[in-house]
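Heads up, start-v5.cif below (mmCIF, C-alpha atoms):
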data_input
#
loop_
_atom_site.label_atom_id
_atom_site.label_comp_id
_atom_site.auth_asym_id
_atom_site.auth_seq_id
_atom_site.Cartn_x
_atom_site.Cartn_y
_atom_site.Cartn_z
CA MET D 1 12.51 24.12 0.77
CA THR D 2 9.14 25.75 1.29
CA THR D 3 8.48 29.48 1.56
CA ALA D 4 5.94 31.46 3.57
CA PRO D 5 2.70 31.28 1.57
CA ALA D 6 0.77 34.36 0.52
CA LEU D 7 -2.43 32.35 0.85
CA SER D 8 -2.43 31.35 4.52
CA ARG D 9 -5.95 31.90 5.88
CA TYR D 10 -8.96 29.64 6.11
CA ALA D 11 -10.67 31.94 3.63
CA ASP D 12 -7.90 31.16 1.15
CA LEU D 13 -8.49 27.41 1.13
CA PRO D 14 -11.05 27.40 -1.71
CA ALA D 15 -8.57 29.28 -3.89
CA LEU D 16 -5.82 26.81 -3.01
CA ILE D 17 -8.06 23.85 -3.79
CA GLY D 18 -9.00 25.59 -7.03
CA LEU D 19 -5.36 25.41 -8.15
CA MET D 20 -5.63 21.61 -8.19
CA GLU D 21 -7.35 21.14 -11.51
CA GLY D 22 -8.16 17.88 -13.20
CA ASP D 23 -10.16 14.73 -12.55
CA GLU D 24 -10.65 14.43 -8.81
CA LYS D 25 -12.76 11.36 -8.21
CA HIS D 26 -13.20 11.94 -4.48
CA ASN D 27 -14.25 15.56 -4.33
CA SER D 28 -16.83 15.05 -1.58
CA ALA D 29 -14.37 13.05 0.52
CA ALA D 30 -11.87 15.88 0.30
CA HIS D 31 -14.25 18.70 1.16
CA SER D 32 -15.78 16.81 4.09
CA THR D 33 -12.40 16.94 5.86
CA LEU D 34 -11.56 20.59 5.18
CA ASP D 35 -12.67 22.16 8.47
CA VAL D 36 -11.28 19.39 10.66
CA VAL D 37 -7.86 19.51 9.02
CA TRP D 38 -7.75 23.30 9.20
CA VAL D 39 -8.62 23.43 12.90
CA LEU D 40 -6.03 20.76 13.67
CA TYR D 41 -3.17 22.57 11.93
CA ASP D 42 -4.29 26.07 12.89
CA ARG D 43 -5.24 25.60 16.53
CA VAL D 44 -4.42 22.14 17.89
CA LEU D 45 -1.33 20.33 16.58
CA ALA D 46 2.13 21.22 17.84
CA VAL D 47 3.89 20.89 14.49
CA THR D 48 5.21 23.38 11.94
CA PRO D 49 7.40 23.11 8.84
CA ALA D 50 10.37 23.91 11.10
CA THR D 51 9.55 21.05 13.50
CA ALA D 52 8.30 18.50 10.98
CA GLU D 53 11.22 16.18 11.77
CA ASP D 54 11.31 16.84 15.52
CA PRO D 55 10.71 13.57 17.43
CA ALA D 56 8.58 15.55 19.92
CA ARG D 57 6.21 16.90 17.25
CA ASP D 58 2.53 16.06 17.20
CA ARG D 59 1.60 13.73 14.36
CA PHE D 60 -1.38 13.88 12.03
CA LEU D 61 -2.24 10.74 10.06
CA LEU D 62 -4.69 11.15 7.21
CA SER D 63 -6.15 7.68 6.90
CA LYS D 64 -8.95 9.08 4.71
CA GLY D 65 -6.30 9.61 2.06
CA HIS D 66 -8.35 8.88 -1.05
CA GLY D 67 -9.45 12.53 -1.21
CA PRO D 68 -6.38 14.59 -0.23
CA ALA D 69 -7.09 17.94 -1.92
CA ALA D 70 -8.12 19.65 1.34
CA PHE D 71 -5.09 18.20 3.12
CA TYR D 72 -2.73 19.52 0.44
CA ALA D 73 -4.41 22.93 0.58
CA VAL D 74 -3.92 23.17 4.35
CA LEU D 75 -0.31 22.00 4.08
CA ALA D 76 0.27 24.74 1.50
CA ALA D 77 -1.45 27.38 3.65
CA LYS D 78 0.74 26.42 6.60
CA GLY D 79 3.99 26.39 4.62
CA PHE D 80 4.71 22.67 4.46
CA VAL D 81 4.18 22.62 0.69
CA ASP D 82 4.86 25.38 -1.82
CA VAL D 83 1.65 26.82 -3.22
CA SER D 84 3.09 26.44 -6.71
CA ALA D 85 3.21 22.67 -6.20
CA LEU D 86 -0.59 22.54 -6.17
CA ARG D 87 -0.67 23.31 -9.89
CA GLY D 88 -0.19 20.14 -11.86
CA TRP D 89 -0.95 17.91 -8.89
CA THR D 90 -1.31 14.22 -9.79
CA ALA D 91 0.81 14.77 -12.92
CA PHE D 92 3.58 12.28 -13.65
CA ASP D 93 6.31 14.46 -12.12
CA SER D 94 4.23 15.84 -9.21
CA ARG D 95 4.83 14.92 -5.59
CA LEU D 96 1.13 15.36 -4.89
CA GLY D 97 -0.78 12.27 -5.95
CA HIS D 98 -4.37 11.16 -5.54
CA HIS D 99 -3.12 9.35 -2.43
CA PRO D 100 -0.53 11.13 -0.21
CA ASP D 101 2.94 9.58 -0.12
CA ARG D 102 4.90 10.18 3.09
CA VAL D 103 8.19 9.99 1.17
CA LEU D 104 7.16 12.68 -1.32
CA VAL D 105 4.82 15.03 0.55
CA PRO D 106 6.36 17.27 3.24
CA GLY D 107 4.31 16.97 6.41
CA ALA D 108 2.63 13.67 5.49
CA GLU D 109 3.26 11.07 8.19
CA ILE D 110 1.97 8.03 6.28
CA GLY D 111 1.17 6.88 2.78
CA SER D 112 -2.60 6.48 2.78
CA GLY D 113 -5.69 5.84 0.77
CA SER D 114 -6.03 2.11 1.34
CA LEU D 115 -8.72 2.25 3.99
CA GLY D 116 -8.32 0.60 7.37
CA HIS D 117 -4.60 1.26 7.84
CA GLY D 118 -4.44 4.68 9.46
CA LEU D 119 -5.87 3.88 12.89
CA PRO D 120 -3.66 0.80 13.49
CA LEU D 121 -0.63 2.83 12.37
CA GLY D 122 -1.67 5.67 14.66
CA LEU D 123 -1.99 3.30 17.59
CA GLY D 124 1.48 1.91 16.91
CA SER D 125 2.91 5.43 16.67
CA ALA D 126 1.29 6.49 19.94
CA LEU D 127 2.54 3.39 21.75
CA GLY D 128 6.01 3.83 20.25
CA LEU D 129 6.28 7.41 21.50
CA ARG D 130 5.31 6.32 24.99
CA ALA D 131 7.74 3.39 24.96
CA GLN D 132 10.63 5.57 23.73
CA GLY D 133 10.01 8.16 26.41
CA VAL D 134 9.61 10.98 23.86
CA ARG D 135 8.30 14.10 25.56
CA ARG D 136 7.28 17.60 24.55
CA PRO D 137 8.79 20.60 26.39
CA ASP D 138 5.89 20.55 28.88
CA GLY D 139 6.63 16.90 29.73
CA SER D 140 3.64 15.42 27.91
CA VAL D 141 3.81 12.68 25.29
CA PRO D 142 3.39 13.96 21.70
CA ARG D 143 -0.09 13.58 20.37
CA VAL D 144 -1.09 11.34 17.47
CA VAL D 145 -4.28 12.34 15.65
CA VAL D 146 -5.80 10.07 13.01
CA LEU D 147 -8.55 11.22 10.65
CA ILE D 148 -10.79 8.50 9.28
CA GLY D 149 -14.16 8.40 7.53
CA ASP D 150 -17.28 6.73 8.90
CA GLY D 151 -17.31 4.37 5.93
CA GLU D 152 -13.75 3.37 6.73
CA LEU D 153 -14.94 1.97 10.05
CA ASP D 154 -16.40 -0.91 8.05
CA GLU D 155 -12.83 -2.24 7.88
CA GLY D 156 -12.17 -4.81 10.61
CA SER D 157 -8.61 -3.66 11.27
CA ASN D 158 -10.00 -0.46 12.79
CA HIS D 159 -12.05 -2.35 15.34
CA GLU D 160 -9.04 -4.33 16.49
CA ALA D 161 -7.13 -1.07 17.02
CA VAL D 162 -10.10 0.50 18.84
CA ALA D 163 -10.21 -2.42 21.27
CA VAL D 164 -6.46 -2.43 21.98
CA ALA D 165 -6.18 1.34 22.42
CA GLY D 166 -9.06 1.37 24.88
CA ARG D 167 -7.71 -1.54 26.90
CA LEU D 168 -4.25 0.05 27.13
CA GLY D 169 -5.50 3.56 27.89
CA VAL D 170 -3.51 5.19 25.08
CA ASP D 171 -4.48 8.76 25.91
CA ASN D 172 -2.04 10.39 23.46
CA LEU D 173 -4.12 8.90 20.62
CA THR D 174 -7.03 10.85 19.14
CA VAL D 175 -9.25 9.70 16.30
CA VAL D 176 -11.45 12.09 14.35
CA VAL D 177 -14.23 10.32 12.48
CA VAL D 178 -15.69 12.45 9.70
CA ASP D 179 -19.26 11.23 9.60
CA ASN D 180 -20.81 12.00 6.22
CA ALA D 181 -23.23 9.07 6.38
CA SER D 182 -21.23 6.92 3.97
CA SER D 183 -20.97 3.73 6.01
CA SER D 184 -22.66 0.60 4.74
CA HIS D 185 -24.44 -0.52 7.91
CA GLY D 186 -23.85 1.94 10.76
CA TRP D 187 -23.50 1.05 14.44
CA PRO D 188 -26.11 0.51 17.18
CA GLY D 189 -26.18 3.66 19.30
CA GLY D 190 -24.00 5.59 16.88
CA ILE D 191 -20.28 5.78 16.15
CA GLY D 192 -19.33 7.16 19.55
CA ALA D 193 -20.96 4.23 21.33
CA ARG D 194 -18.73 1.81 19.43
CA PHE D 195 -15.69 3.52 20.93
CA THR D 196 -17.00 4.13 24.46
CA THR D 197 -17.80 0.43 24.77
CA GLU D 198 -14.07 -0.17 24.41
CA GLY D 199 -13.08 2.46 26.97
CA TRP D 200 -12.65 5.59 24.87
CA VAL D 201 -13.89 9.11 25.56
CA ALA D 202 -16.30 10.09 22.75
CA ARG D 203 -17.38 13.59 21.72
CA ASP D 204 -19.85 14.47 18.97
CA VAL D 205 -19.69 17.82 17.21
CA ALA D 206 -20.78 19.63 14.06
CA GLY D 207 -17.91 19.09 11.65
CA ARG D 208 -17.97 22.64 10.24
CA ASP D 209 -18.00 24.41 13.65
CA HIS D 210 -14.41 25.44 14.30
CA ASP D 211 -14.88 26.43 17.93
CA ALA D 212 -16.75 23.21 18.72
CA LEU D 213 -14.06 21.15 17.02
CA HIS D 214 -11.31 22.97 18.92
CA GLU D 215 -13.05 22.48 22.26
CA ALA D 216 -13.69 18.79 21.63
CA LEU D 217 -10.10 18.19 20.54
CA THR D 218 -8.45 20.05 23.41
CA ARG D 219 -10.59 19.32 26.49
CA PRO D 220 -8.62 16.91 28.75
CA HIS D 221 -9.27 13.16 28.57
CA THR D 222 -6.59 11.74 30.86
CA GLY D 223 -6.13 7.99 30.88
CA ARG D 224 -8.27 7.16 27.86
CA PRO D 225 -8.00 7.65 24.08
CA LEU D 226 -10.31 10.20 22.49
CA VAL D 227 -12.63 9.96 19.52
CA VAL D 228 -14.29 13.06 18.06
CA VAL D 229 -17.17 12.33 15.70
CA ALA D 230 -17.41 15.29 13.29
CA ARG D 231 -20.80 15.28 11.61
CA VAL D 232 -20.58 16.61 8.04
CA ARG D 233 -23.21 16.47 5.36
CA THR D 234 -21.94 16.92 1.81
CA SER D 235 -25.24 16.78 -0.08
#

Translate this structure into structure tokens?
Amino acid sequence: MTTAPALSRYADLPALIGLMEGDEKHNSAAHSTLDVVWVLYDRVLAVTPATAEDPARDRFLLSKGHGPAAFYAVLAAKGFVDVSALRGWTAFDSRLGHHPDRVLVPGAEIGSGSLGHGLPLGLGSALGLRAQGVRRPDGSVPRVVVLIGDGELDEGSNHEAVAVAGRLGVDNLTVVVVDNASSSHGWPGGIGARFTTEGWVARDVAGRDHDALHEALTRPHTGRPLVVVARVRTS
């Protein structure tokens, strides 16, 4: 059981990440997601530790799971994970590994880190919620938000999911692409154009601007899935 954390503000996240000592091979990947994950859990997603098993909860899928330090820090700040668990992360007996495990990490919806899986899983989750008739108290379908990296879009499985989601108008699915210029080849017209061609609504924002992220993630987009391209430079 988790307890209310003493470190619960955005300003506390560096201290929480600092508790996770050791060899972190994907430091840039982790820090590039920090602001997006914080805004989602602080201002967008309808999910808390108390509702983490509620079928009507919003779902966050970290497909960019090869650098989870920021994700763990936010989960700790929001009470899903005890702050004390951050110490000794990735140790043999720790629940917090270099790749999140949905069985071990409270609040993690999928096991991730093998790139190209998160978006297809998110699409399946969004379609499943619609098919099952799951509704939030306001009558809307729970939201599924998937965070991927721009380099991850090189995986072909993502493009299949992009095409299907657009054709089916899966508007309870949102993808956030953290663009830190790590893709191998890029896309003609930019990342957003790849999605709009398939029928998505695309929004481009500065990935460290919390108000811009919140606005892009919450402005209505009825009838079509949403992609938010969060531009982040880590060097």

Q.
Quick one: residues within 8 Å of segment 152-163 of chain D, all atoms listed in the file, excluding same-chain residues fewer than 3 positions away - as a ChimeraX atom specification?
A. /D:64,115-117,119-120,123,148-149,166-167,183-184,195,198

Write the selection just made, keeping C-alpha atoms, as an mmCIF file, in the frame of the given file?
data_model
loop_
_atom_site.group_PDB
_atom_site.id
_atom_site.type_symbol
_atom_site.label_atom_id
_atom_site.label_comp_id
_atom_site.auth_asym_id
_atom_site.auth_seq_id
_atom_site.Cartn_x
_atom_site.Cartn_y
_atom_site.Cartn_z
ATOM 1 C CA LYS D 64 -8.950 9.080 4.710
ATOM 2 C CA LEU D 115 -8.720 2.250 3.990
ATOM 3 C CA GLY D 116 -8.320 0.600 7.370
ATOM 4 C CA HIS D 117 -4.600 1.260 7.840
ATOM 5 C CA LEU D 119 -5.870 3.880 12.890
ATOM 6 C CA PRO D 120 -3.660 0.800 13.490
ATOM 7 C CA LEU D 123 -1.990 3.300 17.590
ATOM 8 C CA ILE D 148 -10.790 8.500 9.280
ATOM 9 C CA GLY D 149 -14.160 8.400 7.530
ATOM 10 C CA GLY D 166 -9.060 1.370 24.880
ATOM 11 C CA ARG D 167 -7.710 -1.540 26.900
ATOM 12 C CA SER D 183 -20.970 3.730 6.010
ATOM 13 C CA SER D 184 -22.660 0.600 4.740
ATOM 14 C CA PHE D 195 -15.690 3.520 20.930
ATOM 15 C CA GLU D 198 -14.070 -0.170 24.410
#

(Q) Neighbouring residues of Thr222 of chain D were defined as those with any atom within 9 Å, considering only C-alpha atoms; residues of the same chain fewer than 6 positions away were excluded. Please report them as an NGL selection string. (A) :D and (169 or 171-172)

Q. Using all atoms listed in the file, which of D:Val146, D:Ala108, D:Ala206, D:Ala56 sits nearest Val134 of chain D?
A.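 Checking each candidate against Val134 of chain D, we get D:Ala56 as the closest.
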
Residues near Val44 of chain D, anyone? I mean within 8 Å using all atoms listed in the file, not counting same-chain ones fewer than 2 positions away, as a compact mmCIF listing (two decimals) with C-alpha atoms, in the coordinates of the input.
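The resulting selection-v2.txt:
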# COMPACT_ATOMS: atom_id res chain seq x y z
CA VAL D 39 -8.62 23.43 12.90
CA LEU D 40 -6.03 20.76 13.67
CA TYR D 41 -3.17 22.57 11.93
CA ASP D 42 -4.29 26.07 12.89
CA ALA D 46 2.13 21.22 17.84
CA HIS D 214 -11.31 22.97 18.92
CA LEU D 217 -10.10 18.19 20.54
CA THR D 218 -8.45 20.05 23.41

(Q) On this structure, the PyMOL selection byres ((chain D and resi 6) around 12) would catch which residues? List them as a PyMOL selection string, sorted by chain and number. (A) chain D and resi 3-5+7-9+12-13+15-16+76-79+82-84

Q: Just the residues within 7 Å of His221 of chain D, please, counting all atoms listed in the file, with nothing from its chain fewer than 3 positions along; format it as a PyMOL selection string.
A: chain D and resi 201+224+226

Q: Rounded to one decimal place, report the atom CA of Ala216 of chain D-atom CA of Gly124 of chain D distance in Å.
A: 23.2 Å

Only all heavy atoms, as a CSV table (one decimal), in the first residue's frame: that is what I want for segment 38-54 of chain D.
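Listing of result25.csv after writing:
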chain,number,residue,atom,x,y,z
D,38,TRP,N,4.3,14.6,-16.3
D,38,TRP,CA,3.8,15.4,-15.2
D,38,TRP,C,2.4,16.0,-15.5
D,38,TRP,O,1.5,16.0,-14.8
D,38,TRP,CB,4.8,16.5,-14.8
D,38,TRP,CG,4.2,17.4,-13.7
D,38,TRP,CD1,3.7,18.6,-13.9
D,38,TRP,CD2,4.0,17.0,-12.3
D,38,TRP,NE1,3.2,19.1,-12.7
D,38,TRP,CE2,3.4,18.1,-11.7
D,38,TRP,CE3,4.3,15.9,-11.6
D,38,TRP,CZ2,3.1,18.2,-10.3
D,38,TRP,CZ3,4.0,15.9,-10.2
D,38,TRP,CH2,3.4,17.0,-9.6
D,39,VAL,N,2.3,16.7,-16.7
D,39,VAL,CA,1.1,17.4,-17.1
D,39,VAL,C,0.0,16.4,-17.2
D,39,VAL,O,-1.2,16.6,-16.8
D,39,VAL,CB,1.3,18.2,-18.4
D,39,VAL,CG1,-0.1,18.6,-18.9
D,39,VAL,CG2,2.2,19.3,-18.2
D,40,LEU,N,0.2,15.2,-17.7
D,40,LEU,CA,-0.8,14.2,-17.9
D,40,LEU,C,-1.4,13.8,-16.5
D,40,LEU,O,-2.6,13.8,-16.3
D,40,LEU,CB,-0.3,13.0,-18.6
D,40,LEU,CG,-0.1,13.1,-20.1
D,40,LEU,CD1,0.7,11.9,-20.7
D,40,LEU,CD2,-1.5,13.1,-20.8
D,41,TYR,N,-0.5,13.4,-15.6
D,41,TYR,CA,-1.0,13.0,-14.3
D,41,TYR,C,-1.5,14.1,-13.4
D,41,TYR,O,-2.3,13.9,-12.5
D,41,TYR,CB,0.2,12.2,-13.6
D,41,TYR,CG,0.2,10.8,-14.0
D,41,TYR,CD1,1.0,10.4,-15.1
D,41,TYR,CD2,-0.6,9.8,-13.4
D,41,TYR,CE1,1.1,9.1,-15.5
D,41,TYR,CE2,-0.5,8.5,-13.8
D,41,TYR,CZ,0.3,8.1,-14.9
D,41,TYR,OH,0.3,6.8,-15.3
D,42,ASP,N,-1.0,15.3,-13.6
D,42,ASP,CA,-1.3,16.4,-12.7
D,42,ASP,C,-2.6,17.1,-13.2
D,42,ASP,O,-3.4,17.6,-12.4
D,42,ASP,CB,-0.2,17.4,-12.6
D,42,ASP,CG,-0.4,18.5,-11.6
D,42,ASP,OD1,-0.6,18.1,-10.4
D,42,ASP,OD2,-0.3,19.7,-11.9
D,43,ARG,N,-2.8,17.2,-14.5
D,43,ARG,CA,-3.9,18.0,-15.0
D,43,ARG,C,-4.8,17.4,-16.1
D,43,ARG,O,-5.8,18.0,-16.4
D,43,ARG,CB,-3.2,19.3,-15.7
D,43,ARG,CG,-2.4,20.1,-14.7
D,43,ARG,CD,-1.6,21.2,-15.4
D,43,ARG,NE,-2.5,22.2,-16.0
D,43,ARG,CZ,-2.1,23.3,-16.6
D,43,ARG,NH1,-0.7,23.5,-16.7
D,43,ARG,NH2,-2.9,24.2,-17.1
D,44,VAL,N,-4.5,16.2,-16.5
D,44,VAL,CA,-5.3,15.6,-17.6
D,44,VAL,C,-6.0,14.3,-17.3
D,44,VAL,O,-7.2,14.2,-17.4
D,44,VAL,CB,-4.4,15.5,-18.9
D,44,VAL,CG1,-5.2,14.8,-20.0
D,44,VAL,CG2,-3.8,16.8,-19.3
D,45,LEU,N,-5.2,13.3,-16.9
D,45,LEU,CA,-5.7,12.0,-16.7
D,45,LEU,C,-6.7,11.8,-15.5
D,45,LEU,O,-6.4,12.3,-14.4
D,45,LEU,CB,-4.6,11.0,-16.6
D,45,LEU,CG,-3.7,10.8,-17.7
D,45,LEU,CD1,-2.5,9.9,-17.3
D,45,LEU,CD2,-4.4,10.2,-18.9
D,46,ALA,N,-7.8,11.1,-15.7
D,46,ALA,CA,-8.7,10.8,-14.6
D,46,ALA,C,-8.3,9.5,-14.1
D,46,ALA,O,-9.0,8.4,-14.3
D,46,ALA,CB,-10.2,10.8,-15.2
D,47,VAL,N,-7.2,9.5,-13.3
D,47,VAL,CA,-6.8,8.3,-12.6
D,47,VAL,C,-6.0,8.7,-11.4
D,47,VAL,O,-5.2,9.6,-11.4
D,47,VAL,CB,-6.0,7.4,-13.5
D,47,VAL,CG1,-4.7,8.0,-14.0
D,47,VAL,CG2,-5.7,6.0,-12.9
D,48,THR,N,-6.2,8.0,-10.3
D,48,THR,CA,-5.5,8.2,-9.0
D,48,THR,C,-5.1,6.8,-8.4
D,48,THR,O,-5.6,5.8,-8.9
D,48,THR,CB,-6.4,8.9,-8.0
D,48,THR,OG1,-7.5,8.1,-7.6
D,48,THR,CG2,-6.9,10.2,-8.6
D,49,PRO,N,-4.3,6.8,-7.4
D,49,PRO,CA,-4.0,5.5,-6.8
D,49,PRO,C,-5.3,4.8,-6.3
D,49,PRO,O,-5.4,3.6,-6.4
D,49,PRO,CB,-3.1,5.9,-5.6
D,49,PRO,CG,-2.4,7.1,-6.0
D,49,PRO,CD,-3.4,7.9,-6.8
D,50,ALA,N,-6.3,5.6,-5.9
D,50,ALA,CA,-7.6,5.0,-5.4
D,50,ALA,C,-8.4,4.4,-6.6
D,50,ALA,O,-9.2,3.5,-6.3
D,50,ALA,CB,-8.4,6.0,-4.7
D,51,THR,N,-8.2,4.9,-7.8
D,51,THR,CA,-9.0,4.4,-8.9
D,51,THR,C,-8.2,3.6,-9.9
D,51,THR,O,-8.6,3.4,-11.1
D,51,THR,CB,-9.7,5.6,-9.6
D,51,THR,OG1,-8.7,6.5,-10.2
D,51,THR,CG2,-10.6,6.4,-8.7
D,52,ALA,N,-7.0,3.2,-9.5
D,52,ALA,CA,-6.1,2.6,-10.5
D,52,ALA,C,-6.6,1.2,-11.0
D,52,ALA,O,-6.1,0.8,-12.1
D,52,ALA,CB,-4.7,2.3,-9.8
D,53,GLU,N,-7.6,0.6,-10.4
D,53,GLU,CA,-8.2,-0.6,-10.9
D,53,GLU,C,-9.6,-0.4,-11.4
D,53,GLU,O,-10.3,-1.3,-11.7
D,53,GLU,CB,-8.2,-1.7,-9.8
D,53,GLU,CG,-6.8,-2.0,-9.2
D,53,GLU,CD,-5.9,-2.6,-10.3
D,53,GLU,OE1,-6.4,-3.3,-11.2
D,53,GLU,OE2,-4.7,-2.4,-10.3
D,54,ASP,N,-10.1,0.8,-11.4
D,54,ASP,CA,-11.4,1.2,-11.8
D,54,ASP,C,-11.5,1.0,-13.3
D,54,ASP,O,-10.7,1.6,-14.1
D,54,ASP,CB,-11.8,2.6,-11.4
D,54,ASP,CG,-13.2,3.0,-11.7
D,54,ASP,OD1,-13.9,2.3,-12.5
D,54,ASP,OD2,-13.7,4.0,-11.2
